[in-house]
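> Structure file run28.txt, compact mmCIF, C-alpha atoms, is pasted below:
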# COMPACT_ATOMS: atom_id res chain seq x y z
CA MET A 1 120.95 51.50 67.10
CA ASP A 2 119.34 48.55 65.43
CA PHE A 3 115.57 48.05 65.63
CA ARG A 4 115.71 45.33 68.31
CA GLU A 5 117.65 47.58 70.63
CA THR A 6 115.30 50.48 69.93
CA LEU A 7 112.27 48.25 70.64
CA SER A 8 113.83 46.99 73.88
CA ILE A 9 114.48 50.53 75.15
CA ALA A 10 110.98 51.65 74.14
CA VAL A 11 109.33 48.73 75.97
CA ARG A 12 111.45 49.32 79.05
CA SER A 13 110.53 53.01 79.08
CA LEU A 14 106.80 52.27 78.81
CA ARG A 15 106.97 49.63 81.53
CA SER A 16 108.70 52.05 83.88
CA HIS A 17 105.52 54.19 83.81
CA ARG A 18 102.90 51.44 83.71
CA LEU A 19 99.94 53.37 85.06
CA ARG A 20 100.54 56.33 82.78
CA SER A 21 101.00 54.06 79.77
CA ALA A 22 97.89 52.04 80.68
CA LEU A 23 95.72 55.15 80.91
CA THR A 24 97.05 56.38 77.56
CA VAL A 25 96.31 53.02 75.97
CA LEU A 26 92.82 53.13 77.50
CA GLY A 27 92.03 56.28 75.53
CA VAL A 28 92.95 54.50 72.30
CA VAL A 29 90.99 51.39 73.32
CA VAL A 30 87.82 53.40 73.92
CA GLY A 31 88.05 55.15 70.55
CA ILE A 32 88.85 52.11 68.40
CA ALA A 33 86.48 49.79 70.31
CA ALA A 34 83.65 52.26 69.73
CA VAL A 35 84.40 52.33 66.01
CA VAL A 36 84.58 48.52 65.81
CA THR A 37 81.32 48.16 67.75
CA PHE A 38 79.34 50.59 65.61
CA VAL A 39 80.73 49.28 62.33
CA THR A 40 80.00 45.68 63.32
CA VAL A 41 76.49 46.50 64.49
CA GLY A 42 75.91 48.37 61.22
CA ALA A 43 77.16 45.43 59.16
CA SER A 44 75.02 43.02 61.19
CA LEU A 45 71.94 45.19 60.82
CA ARG A 46 72.52 45.54 57.09
CA ALA A 47 72.98 41.78 56.66
CA ASP A 48 69.86 41.00 58.70
CA ILE A 49 67.45 43.53 57.21
CA VAL A 50 68.69 43.67 53.64
CA GLY A 51 69.22 39.91 53.57
CA GLU A 52 65.64 39.32 54.67
CA VAL A 53 64.22 41.63 52.02
CA GLU A 54 66.45 40.19 49.29
CA GLY A 55 65.48 36.71 50.44
CA SER A 56 61.81 37.37 49.80
CA SER A 57 60.33 36.41 46.46
CA ALA A 58 62.27 38.23 43.77
CA ASN A 59 59.23 38.49 41.49
CA ASN A 60 57.07 40.47 43.93
CA ILE A 61 56.11 44.07 43.12
CA TYR A 62 55.06 45.97 46.25
CA LEU A 63 52.58 48.83 45.85
CA LEU A 64 52.28 51.39 48.65
CA SER A 65 51.41 55.04 49.20
CA THR A 66 54.09 56.62 51.36
CA PRO A 67 55.32 60.13 52.24
CA ALA A 68 57.22 61.68 49.35
CA ASP A 69 61.00 62.03 49.56
CA ASP A 70 61.29 60.35 52.97
CA GLY A 71 64.44 58.53 51.86
CA GLY A 72 63.70 55.51 54.02
CA PRO A 73 61.54 52.41 54.19
CA PRO A 74 57.79 52.91 53.71
CA ASP A 75 56.91 52.99 57.40
CA ALA A 76 53.73 55.10 57.07
CA PRO A 77 51.64 53.72 54.19
CA ARG A 78 48.08 54.97 53.56
CA PRO A 79 45.14 52.73 52.60
CA VAL A 80 44.37 53.89 49.06
CA PHE A 81 44.14 50.73 46.93
CA THR A 82 40.52 49.81 46.28
CA GLU A 83 38.99 46.50 45.22
CA HIS A 84 38.66 48.08 41.76
CA ASP A 85 42.43 48.59 41.66
CA VAL A 86 42.99 44.99 42.73
CA SER A 87 40.75 43.66 39.96
CA GLN A 88 42.37 45.90 37.32
CA LEU A 89 45.87 44.91 38.38
CA ARG A 90 44.93 41.26 37.83
CA GLU A 91 44.53 42.16 34.14
CA VAL A 92 48.05 43.58 33.80
CA ASP A 93 50.26 41.54 31.46
CA GLY A 94 52.62 39.33 33.42
CA ALA A 95 50.65 39.46 36.70
CA VAL A 96 50.34 35.93 38.08
CA ARG A 97 48.25 36.94 41.10
CA VAL A 98 47.45 40.06 43.10
CA VAL A 99 47.35 39.98 46.90
CA PRO A 100 45.84 42.86 48.91
CA GLN A 101 46.91 43.55 52.49
CA GLY A 102 45.20 45.60 55.20
CA SER A 103 45.77 46.19 58.90
CA LEU A 104 43.14 45.15 61.43
CA PRO A 105 42.51 47.56 64.35
CA VAL A 106 42.95 45.00 67.12
CA SER A 107 43.50 46.02 70.76
CA ALA A 108 44.17 42.55 72.22
CA LEU A 109 44.54 38.86 71.40
CA THR A 110 43.68 36.32 74.10
CA TYR A 111 44.65 32.67 74.29
CA GLY A 112 43.45 30.90 77.41
CA ASN A 113 44.27 33.19 80.32
CA ASP A 114 47.06 35.00 78.47
CA THR A 115 46.47 38.29 76.64
CA VAL A 116 48.92 40.16 74.41
CA GLY A 117 48.56 43.74 73.24
CA ARG A 118 49.45 45.24 69.89
CA GLN A 119 50.59 42.68 67.34
CA GLN A 120 51.03 42.64 63.57
CA VAL A 121 47.49 41.69 62.55
CA THR A 122 47.09 41.49 58.80
CA ALA A 123 43.97 41.08 56.69
CA THR A 124 44.52 39.38 53.34
CA THR A 125 43.17 36.70 51.00
CA PRO A 126 43.88 32.97 50.66
CA ALA A 127 45.93 33.79 47.56
CA ALA A 128 48.67 35.08 49.88
CA PHE A 129 49.53 31.51 50.86
CA GLU A 130 49.78 29.97 47.39
CA GLY A 131 53.13 28.18 47.33
CA ALA A 132 53.85 28.92 51.01
CA THR A 133 55.29 26.27 53.30
CA PHE A 134 53.12 25.40 56.27
CA LEU A 135 54.72 23.92 59.36
CA ALA A 136 51.28 22.75 60.36
CA GLY A 137 47.72 23.06 59.05
CA ARG A 138 46.56 25.01 56.01
CA ALA A 139 45.55 28.43 54.72
CA PHE A 140 42.33 30.00 55.98
CA GLU A 141 39.20 30.08 53.87
CA SER A 142 37.58 33.33 52.81
CA GLY A 143 34.51 34.08 54.94
CA ALA A 144 35.58 31.76 57.77
CA ARG A 145 36.48 32.82 61.31
CA GLU A 146 39.98 31.45 61.00
CA VAL A 147 43.52 32.72 61.44
CA VAL A 148 46.96 31.73 60.18
CA VAL A 149 50.03 32.57 62.30
CA ASN A 150 53.71 32.55 61.54
CA GLU A 151 56.20 30.55 63.57
CA ARG A 152 57.13 33.48 65.79
CA ALA A 153 53.51 34.33 66.57
CA ARG A 154 52.97 30.77 67.74
CA THR A 155 55.25 31.54 70.71
CA ALA A 156 53.76 34.98 71.51
CA PHE A 157 51.77 33.53 74.41
CA ASP A 158 52.85 31.68 77.56
CA ARG A 159 51.72 28.44 75.93
CA ASN A 160 52.54 27.78 72.27
CA LEU A 161 49.69 27.93 69.78
CA SER A 162 48.72 24.82 67.83
CA VAL A 163 46.37 24.15 64.95
CA GLY A 164 42.83 23.90 66.32
CA ASP A 165 43.35 26.32 69.22
CA GLU A 166 40.88 29.15 69.81
CA LEU A 167 41.94 32.81 69.93
CA ARG A 168 39.78 35.65 71.17
CA VAL A 169 40.21 38.81 69.11
CA THR A 170 39.18 42.12 70.69
CA ARG A 171 38.72 44.96 68.24
CA ARG A 172 39.45 48.56 69.19
CA ASP A 173 35.72 49.29 69.26
CA GLY A 174 35.37 46.65 71.99
CA ASP A 175 33.81 43.96 69.79
CA ALA A 176 35.27 40.49 70.51
CA THR A 177 35.29 37.42 68.27
CA ASN A 178 36.59 33.88 68.62
CA VAL A 179 38.71 32.50 65.78
CA THR A 180 40.35 29.15 65.15
CA VAL A 181 44.04 28.71 64.35
CA VAL A 182 44.11 26.67 61.12
CA GLY A 183 47.74 27.02 60.03
CA VAL A 184 51.30 27.85 61.06
CA VAL A 185 53.22 29.26 58.11
CA ASN A 186 56.99 29.38 57.66
CA SER A 187 58.21 32.34 59.74
CA THR A 188 60.93 33.44 57.31
CA GLY A 189 58.29 34.97 55.10
CA THR A 190 60.34 34.25 51.98
CA GLU A 191 57.38 32.57 50.28
CA LEU A 192 54.77 35.12 51.32
CA PRO A 193 54.01 38.12 49.08
CA PHE A 194 54.40 40.62 51.92
CA GLN A 195 57.01 43.27 52.39
CA SER A 196 58.71 42.68 55.75
CA PHE A 197 61.77 44.40 57.18
CA VAL A 198 62.15 42.44 60.43
CA SER A 199 61.01 39.07 61.69
CA GLN A 200 57.90 39.68 63.78
CA SER A 201 54.95 37.84 65.20
CA ARG A 202 52.28 37.97 62.51
CA PHE A 203 48.63 36.96 62.56
CA TYR A 204 46.83 36.65 59.21
CA PHE A 205 43.02 36.99 59.01
CA PRO A 206 40.73 36.72 55.96
CA THR A 207 39.44 40.05 54.69
CA GLU A 208 35.99 38.55 54.70
CA PRO A 209 34.47 38.85 57.32
CA PHE A 210 37.07 40.77 59.40
CA TYR A 211 38.28 43.67 57.27
CA ASP A 212 35.79 46.53 56.94
CA THR A 213 37.84 49.61 56.03
CA VAL A 214 36.01 51.10 53.04
CA VAL A 215 35.98 54.24 50.90
CA GLU A 216 34.08 55.33 47.81
CA SER A 217 35.83 54.20 44.64
CA PRO A 218 36.48 57.25 42.42
CA ALA A 219 36.17 55.09 39.32
CA LEU A 220 32.93 53.28 40.23
CA GLY A 221 31.29 55.62 42.74
CA VAL A 222 30.50 52.81 45.22
CA ASN A 223 31.96 51.91 48.59
CA GLN A 224 34.72 49.31 48.44
CA ARG A 225 37.37 47.89 50.74
CA VAL A 226 40.60 49.88 50.66
CA TYR A 227 44.03 48.40 51.41
CA LEU A 228 47.37 49.58 52.74
CA GLN A 229 49.42 47.49 50.36
CA VAL A 230 48.95 45.42 47.25
CA THR A 231 51.48 42.90 46.03
CA VAL A 232 51.60 41.90 42.39
CA VAL A 233 53.27 38.53 41.96
CA ALA A 234 54.76 38.70 38.49
CA ASP A 235 56.10 36.20 36.01
CA PRO A 236 59.86 36.14 36.83
CA GLY A 237 60.75 36.26 33.15
CA GLY A 238 58.97 39.58 32.61
CA LEU A 239 59.37 41.33 35.94
CA THR A 240 60.69 44.60 34.47
CA ALA A 241 57.91 44.84 31.89
CA THR A 242 55.26 44.00 34.47
CA GLN A 243 56.62 46.62 36.87
CA ALA A 244 56.47 49.23 34.11
CA ALA A 245 52.88 48.23 33.25
CA VAL A 246 51.84 48.42 36.92
CA ARG A 247 53.33 51.92 37.24
CA GLU A 248 51.49 52.99 34.10
CA TYR A 249 48.18 51.76 35.51
CA LEU A 250 48.76 53.50 38.85
CA GLU A 251 48.85 56.91 37.15
CA GLY A 252 45.07 56.75 36.53
CA SER A 253 44.07 54.42 39.38
CA ASP A 254 41.75 54.89 42.35
CA ALA A 255 44.90 54.94 44.48
CA ALA A 256 46.24 57.97 42.58
CA ALA A 257 42.97 59.83 43.22
CA LEU A 258 42.74 58.81 46.88
CA GLN A 259 46.29 59.40 48.02
CA PRO A 260 46.68 62.52 50.17
CA SER A 261 48.86 65.48 49.30
CA GLY A 262 52.54 64.85 49.99
CA TYR A 263 52.30 61.11 49.32
CA ASP A 264 53.62 59.16 46.34
CA LEU A 265 52.62 55.80 44.94
CA SER A 266 55.51 53.35 44.67
CA ALA A 267 55.84 50.06 42.81
CA ARG A 268 59.09 48.52 43.99
CA THR A 269 60.62 45.09 43.83
CA SER A 270 62.61 43.39 46.60
CA GLY A 271 65.82 44.51 44.90
CA ASP A 272 64.70 48.16 44.89
CA ILE A 273 63.80 48.01 48.58
CA ALA A 274 67.04 46.23 49.49
CA ASP A 275 69.08 48.95 47.76
CA SER A 276 67.16 51.68 49.57
CA LEU A 277 67.55 49.99 52.95
CA GLU A 278 71.24 49.31 52.41
CA ASP A 279 71.83 52.98 51.61
CA LEU A 280 69.94 54.04 54.73
CA VAL A 281 71.82 51.65 57.02
CA ASN A 282 75.15 52.71 55.51
CA ARG A 283 74.40 56.37 56.17
CA LEU A 284 73.42 55.67 59.77
CA THR A 285 76.56 53.58 60.26
CA ARG A 286 78.78 56.33 58.87
CA PHE A 287 77.14 58.88 61.15
CA VAL A 288 77.54 56.93 64.40
CA THR A 289 81.03 55.82 63.39
CA GLY A 290 81.95 59.46 62.87
CA LEU A 291 80.88 60.17 66.44
CA ALA A 292 83.03 57.28 67.66
CA VAL A 293 86.04 58.70 65.81
CA LEU A 294 85.87 61.67 68.17
CA SER A 295 86.77 59.30 71.01
CA LEU A 296 89.70 58.08 68.93
CA LEU A 297 90.86 61.69 68.51
CA VAL A 298 90.88 62.04 72.31
CA GLY A 299 93.08 58.94 72.48
CA ALA A 300 95.48 60.42 69.93
CA ILE A 301 95.75 63.61 71.95
CA GLY A 302 96.52 61.48 75.00
CA ILE A 303 99.43 59.78 73.21
CA ALA A 304 100.82 63.12 72.02
CA ASN A 305 100.55 64.53 75.52
CA ILE A 306 102.27 61.60 77.23
CA MET A 307 105.09 61.61 74.68
CA LEU A 308 105.70 65.33 75.17
CA VAL A 309 105.87 64.75 78.90
CA SER A 310 108.26 61.87 78.30
CA VAL A 311 110.56 64.07 76.18
CA THR A 312 110.70 66.65 78.97
CA GLU A 313 111.40 64.05 81.64
CA ARG A 314 114.11 62.31 79.60
CA THR A 315 115.98 65.33 78.28
CA ARG A 316 119.17 64.32 80.13
CA GLU A 317 118.83 60.74 78.84
CA ILE A 318 118.57 62.10 75.29
CA GLY A 319 121.70 64.18 75.86
CA ILE A 320 123.63 61.10 77.05
CA MET A 321 122.47 59.12 74.01
CA LYS A 322 123.75 61.81 71.66
CA ALA A 323 126.97 62.24 73.62
CA VAL A 324 127.86 58.57 73.16
CA GLY A 325 127.17 58.63 69.42
CA GLY A 326 123.40 58.50 69.09
CA ARG A 327 122.12 60.29 66.00
CA ASN A 328 119.05 62.48 65.69
CA ARG A 329 117.47 59.70 63.65
CA ASP A 330 118.00 57.18 66.48
CA VAL A 331 116.24 59.48 68.97
CA LEU A 332 113.43 60.15 66.50
CA VAL A 333 112.88 56.43 65.84
CA LEU A 334 112.97 55.63 69.58
CA PHE A 335 110.16 58.02 70.48
CA LEU A 336 108.16 57.12 67.39
CA THR A 337 108.45 53.45 68.37
CA GLU A 338 107.13 54.18 71.85
CA ALA A 339 104.15 56.12 70.49
CA THR A 340 103.42 53.43 67.89
CA LEU A 341 103.55 50.72 70.56
CA LEU A 342 100.94 52.60 72.59
CA GLY A 343 98.67 52.78 69.54
CA ALA A 344 99.28 49.15 68.55
CA VAL A 345 98.56 47.79 72.04
CA GLY A 346 95.43 49.94 72.19
CA ALA A 347 94.23 48.58 68.83
CA LEU A 348 94.93 44.93 69.74
CA VAL A 349 92.97 45.30 72.98
CA ALA A 350 90.21 47.38 71.36
CA VAL A 351 89.31 44.85 68.65
CA PRO A 352 88.06 42.09 70.99
CA VAL A 353 86.46 44.70 73.26
CA GLY A 354 84.65 46.24 70.30
CA LEU A 355 83.50 42.85 69.00
CA ALA A 356 82.26 41.94 72.47
CA GLY A 357 80.26 45.17 72.56
CA ALA A 358 78.80 44.41 69.14
CA TRP A 359 77.91 40.88 70.27
CA VAL A 360 75.99 42.26 73.24
CA ALA A 361 74.24 44.89 71.08
CA THR A 362 73.20 42.45 68.34
CA GLY A 363 72.06 39.94 70.94
CA TYR A 364 69.87 42.58 72.56
CA ALA A 365 68.47 43.57 69.15
CA ASP A 366 67.93 39.89 68.28
CA ILE A 367 69.89 40.01 65.02
CA GLY A 368 72.75 37.85 63.82
CA LEU A 369 76.34 38.97 64.36
CA THR A 370 78.24 39.74 61.15
CA VAL A 371 81.92 40.56 61.65
CA PRO A 372 83.39 42.84 58.95
CA LEU A 373 86.87 41.30 58.85
CA GLY A 374 88.20 44.11 56.70
CA TRP A 375 87.37 46.60 59.42
CA VAL A 376 89.26 44.53 62.01
CA ALA A 377 92.42 44.94 59.95
CA VAL A 378 91.62 48.64 59.46
CA ALA A 379 91.20 49.08 63.24
CA ILE A 380 94.67 47.67 63.90
CA ALA A 381 96.16 49.81 61.13
CA VAL A 382 94.41 52.88 62.54
CA GLY A 383 95.91 52.16 65.96
CA LEU A 384 99.39 52.06 64.50
CA LEU A 385 98.74 55.20 62.46
CA VAL A 386 97.30 57.10 65.42
CA GLY A 387 100.31 56.19 67.53
CA ALA A 388 102.80 57.16 64.85
CA LEU A 389 101.13 60.47 63.96
CA SER A 390 100.55 61.39 67.60
CA GLY A 391 104.20 60.73 68.39
CA LEU A 392 105.60 62.47 65.35
CA TYR A 393 105.93 65.97 66.83
CA PRO A 394 107.21 64.79 70.25
CA ALA A 395 109.79 62.57 68.49
CA TRP A 396 110.89 65.43 66.23
CA ARG A 397 111.18 67.67 69.28
CA ALA A 398 113.27 65.03 71.08
CA ALA A 399 115.58 64.68 68.07
CA ARG A 400 116.27 68.45 68.12
CA VAL A 401 117.42 68.50 71.74
CA ASP A 402 120.90 69.97 72.02
CA PRO A 403 123.13 67.40 73.80
CA ILE A 404 125.18 70.03 75.67
CA ASP A 405 122.09 71.76 77.05
CA ALA A 406 120.55 68.37 77.84
CA LEU A 407 123.58 67.25 79.88
CA ARG A 408 123.35 70.40 82.00
CA ARG A 409 119.82 69.38 83.08
CA GLU A 410 119.53 67.91 86.56
Now, as a test, write the supplied structure out as structure tokens.

Amino acid sequence: MDFRETLSIAVRSLRSHRLRSALTVLGVVVGIAAVVTFVTVGASLRADIVGEVEGSSANNIYLLSTPADDGGPPDAPRPVFTEHDVSQLREVDGAVRVVPQGSLPVSALTYGNDTVGRQQVTATTPAAFEGATFLAGRAFESGAREVVVNERARTAFDRNLSVGDELRVTRRDGDATNVTVVGVVNSTGTELPFQSFVSQSRFYFPTEPFYDTVVESPALGVNQRVYLQVTVVADPGGLTATQAAVREYLEGSDAAALQPSGYDLSARTSGDIADSLEDLVNRLTRFVTGLAVLSLLVGAIGIANIMLVSVTERTREIGIMKAVGGRNRDVLVLFLTEATLLGAVGALVAVPVGLAGAWVATGYADIGLTVPLGWVAVAIAVGLLVGALSGLYPAWRAARVDPIDALRRE
């Protein structure tokens, strides 16, 4: 038989058992669609998070104290960098400016009659906004009761914030203060010397008079403000040398003396953080994709099962084919074609289903959709391979049917 005749017989056989074929295809669709969804979500997450970090200023060196060997992003920093550290880091060769960052213990922010709970409330200095793009207004002044918000924070309330509006800030100790919005900074954060993994609403307050977290400086023996993070903005031409000098200073710094047991000081650039995040996202994607492959295995078992049933049901048909001149190879190719068609149809249906699932997931997570086109081709190839491999044993079994015994079957 030529291939067109084989294909025609295979299609006719599958159509004669439409419900059974549809349910078999459904098993393949679920498996491949799950793989496509998880891979696409992983690629989208990697593009969104890693792209944002890589898009931040390439000459920033981020200093934090984080749990040792956590293998992930620094999500639990400790305030260990004193004012003494900040002043000493300004003297490091290649340091253009040094920007400290602390977290304000705020329980609520109120604008008019609308109150929001926990938000990203950051204490820093006016130096953080040098070179930043303001959509409106300006940077705050040190010592003033002023606040700068990013573009996303402007829409955190029922009514959008504008320059000149008053916010009421309630601290966790119950103390409340009114502040004036003086600037709306570009929400991408690419020009701000802050490490950020996702786009969030952010409110920036001056350390003076709002930030009052202090410890005793080991080097000076006096109480000083202590910060969660310090960013050294380096001369781009000497970033590597500046990073090495910063790490050398940290070995004998206040931060080294203040950090708790089990924590390490890190001095990482945007590129270092992007590599770490990309590795983490890739590992998570591989893990969840591996779970989805289990569904694909179920689909493969379904194809093998339906083809074995088909061989049993069509034993007499196989005997007639061989009696009129059909070769073992013709029977083998026929059943392999049927199994491959089931896998191919499942893959073709699964790709759009999987992409639709990824679109819903990324929309819910508020990240951009990135379609890994290579994986779409792989998904279709996997469907064909699953069908062919699942049908291999049933086809071989069909080819070995003895025509005389087959013709005796009723």
> Counting all atoms listed in the file, which residue out of A:Ala347, A:Leu63, A:Val148, A:Ala136 sits closest to A:Gly299?
A:Ala347
> From the options A:Gly31, A:Gly94, A:Gly326, A:Gly363, which residue's atoms come nearest to A:Gly383, counting only C-alpha atoms?
A:Gly31
> Give the answer as one residue: which of A:Asp158, A:Glu208, A:Asp402, A:Glu338 has the shortest atom-to-atom distance to A:Gly319, using all atoms listed in the file?
A:Asp402
> Please determine, counting all atoms listed in the file, which residue among A:Arg202, A:Arg314, A:Lys322, A:Arg327 has the shortest atom-to-atom distance to A:Arg152.
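Checking each candidate against A:Arg152, we get A:Arg202 as the closest.
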> How many Å lie between atom CA of A:Ser217 and atom CA of A:Glu251, rounded to one decimal?
15.3 Å
> Which distance in Å separates atom CA of A:Val386 and atom CA of A:Val39, to one decimal?
18.6 Å
> In Å, how far is it from atom CA of A:Leu23 to atom CA of A:Ala398?
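Value for the atom CA of A:Leu23-atom CA of A:Ala398 distance: 22.4 Å.
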> Counting all atoms listed in the file, which residues sit no farther than 6 Å from the position (96.9, 62.0, 68.5) in the file's frame? I'd like them as a tab-separated table (two decimals) with C-alpha atoms, keeping the file's coordinate frame.

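Resulting contents of part_31.tsv:
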chain	number	residue	atom	x	y	z
A	300	ALA	CA	95.48	60.42	69.93
A	301	ILE	CA	95.75	63.61	71.95
A	303	ILE	CA	99.43	59.78	73.21
A	304	ALA	CA	100.82	63.12	72.02
A	386	VAL	CA	97.30	57.10	65.42
A	390	SER	CA	100.55	61.39	67.60
> Got a sec: who's within 7 Å of stretch 378-381 of chain A, counting only C-alpha atoms, leaving out chain neighbours fewer than 3 positions off, as an MDAnalysis selection string?
chainID A and resid 32 344 347:348 374:375 384:385
> Point out the residue among A:Ile306, A:Arg171, A:Thr340, A:Gln101 with the least atom-to-atom distance to A:Val11, counting all atoms listed in the file.
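Looking at the shortest contact to A:Val11, the residue is A:Thr340.
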> For stretch 287-295 of chain A, find every residue with an atom within 12 Å (counting all atoms listed in the file), except residues of its own chain fewer than 6 positions away, and show them as a ChimeraX atom specification.
/A:26-43,280-281,301-302,354,375,379,382-383,386
> Which residue gives the smallest distance to A:Arg283 among A:Leu7, A:Arg46, A:Pro352, A:His84, with all atoms listed in the file counted?
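Among A:Leu7, A:Arg46, A:Pro352, A:His84, it is A:Arg46 that comes nearest to A:Arg283.
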> From (49.8, 62.8, 54.0), in the file's coordinates, out to 9 Å: which residues are reached, counting only C-alpha atoms? Answer as a list in words.
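Those within range, by chain then number, are Thr66, Pro67, Ala68, Arg78, Gln259, Pro260, Ser261, Gly262 and Tyr263 of chain A.
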> May I have the residues within 7 Å of A:Leu104 as a CSV table (one decimal) with C-alpha atoms, in the frame of the given file, using only C-alpha atoms and disregarding those fewer than 2 positions away in the same chain?

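Output (selection.csv):
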chain,number,residue,atom,x,y,z
A,102,GLY,CA,45.2,45.6,55.2
A,106,VAL,CA,43.0,45.0,67.1
A,121,VAL,CA,47.5,41.7,62.6
A,122,THR,CA,47.1,41.5,58.8
A,123,ALA,CA,44.0,41.1,56.7
A,211,TYR,CA,38.3,43.7,57.3
> All heavy atoms are needed for stretch 218-224 of chain A; please write them out as a PDB file, in the frame of the given file.

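What ended up in rebuild11.pdb:
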ATOM      1  N   PRO A 218      36.637  56.141  43.381  1.00  0.00           N
ATOM      2  CA  PRO A 218      36.480  57.250  42.420  1.00  0.00           C
ATOM      3  C   PRO A 218      36.049  56.773  41.036  1.00  0.00           C
ATOM      4  O   PRO A 218      35.322  57.483  40.332  1.00  0.00           O
ATOM      5  CB  PRO A 218      37.874  57.883  42.380  1.00  0.00           C
ATOM      6  CG  PRO A 218      38.486  57.539  43.700  1.00  0.00           C
ATOM      7  CD  PRO A 218      37.970  56.165  44.008  1.00  0.00           C
ATOM      8  N   ALA A 219      36.487  55.574  40.668  1.00  0.00           N
ATOM      9  CA  ALA A 219      36.170  55.090  39.320  1.00  0.00           C
ATOM     10  C   ALA A 219      34.741  54.568  39.231  1.00  0.00           C
ATOM     11  O   ALA A 219      34.070  54.768  38.202  1.00  0.00           O
ATOM     12  CB  ALA A 219      37.148  53.981  38.929  1.00  0.00           C
ATOM     13  N   LEU A 220      34.245  53.913  40.296  1.00  0.00           N
ATOM     14  CA  LEU A 220      32.930  53.280  40.230  1.00  0.00           C
ATOM     15  C   LEU A 220      31.862  54.025  41.017  1.00  0.00           C
ATOM     16  O   LEU A 220      30.662  53.802  40.806  1.00  0.00           O
ATOM     17  CB  LEU A 220      33.030  51.838  40.763  1.00  0.00           C
ATOM     18  CG  LEU A 220      34.034  50.922  40.042  1.00  0.00           C
ATOM     19  CD1 LEU A 220      34.025  49.533  40.669  1.00  0.00           C
ATOM     20  CD2 LEU A 220      33.709  50.831  38.553  1.00  0.00           C
ATOM     21  N   GLY A 221      32.265  54.868  41.954  1.00  0.00           N
ATOM     22  CA  GLY A 221      31.290  55.620  42.740  1.00  0.00           C
ATOM     23  C   GLY A 221      30.562  54.812  43.780  1.00  0.00           C
ATOM     24  O   GLY A 221      29.483  55.208  44.224  1.00  0.00           O
ATOM     25  N   VAL A 222      31.118  53.652  44.182  1.00  0.00           N
ATOM     26  CA  VAL A 222      30.500  52.810  45.220  1.00  0.00           C
ATOM     27  C   VAL A 222      31.545  52.535  46.302  1.00  0.00           C
ATOM     28  O   VAL A 222      32.755  52.623  46.062  1.00  0.00           O
ATOM     29  CB  VAL A 222      29.993  51.476  44.630  1.00  0.00           C
ATOM     30  CG1 VAL A 222      28.885  51.731  43.613  1.00  0.00           C
ATOM     31  CG2 VAL A 222      31.133  50.692  43.990  1.00  0.00           C
ATOM     32  N   ASN A 223      31.056  52.217  47.502  1.00  0.00           N
ATOM     33  CA  ASN A 223      31.960  51.910  48.590  1.00  0.00           C
ATOM     34  C   ASN A 223      32.631  50.563  48.374  1.00  0.00           C
ATOM     35  O   ASN A 223      31.965  49.567  48.024  1.00  0.00           O
ATOM     36  CB  ASN A 223      31.210  51.891  49.929  1.00  0.00           C
ATOM     37  CG  ASN A 223      30.881  53.287  50.416  1.00  0.00           C
ATOM     38  OD1 ASN A 223      31.475  54.270  49.955  1.00  0.00           O
ATOM     39  ND2 ASN A 223      29.933  53.404  51.337  1.00  0.00           N
ATOM     40  N   GLN A 224      33.943  50.545  48.580  1.00  0.00           N
ATOM     41  CA  GLN A 224      34.720  49.310  48.440  1.00  0.00           C
ATOM     42  C   GLN A 224      35.774  49.244  49.539  1.00  0.00           C
ATOM     43  O   GLN A 224      36.154  50.259  50.119  1.00  0.00           O
ATOM     44  CB  GLN A 224      35.425  49.268  47.079  1.00  0.00           C
ATOM     45  CG  GLN A 224      34.506  49.092  45.901  1.00  0.00           C
ATOM     46  CD  GLN A 224      35.299  48.865  44.618  1.00  0.00           C
ATOM     47  OE1 GLN A 224      36.413  49.380  44.456  1.00  0.00           O
ATOM     48  NE2 GLN A 224      34.743  48.075  43.715  1.00  0.00           N
TER      49      GLN A 224
END
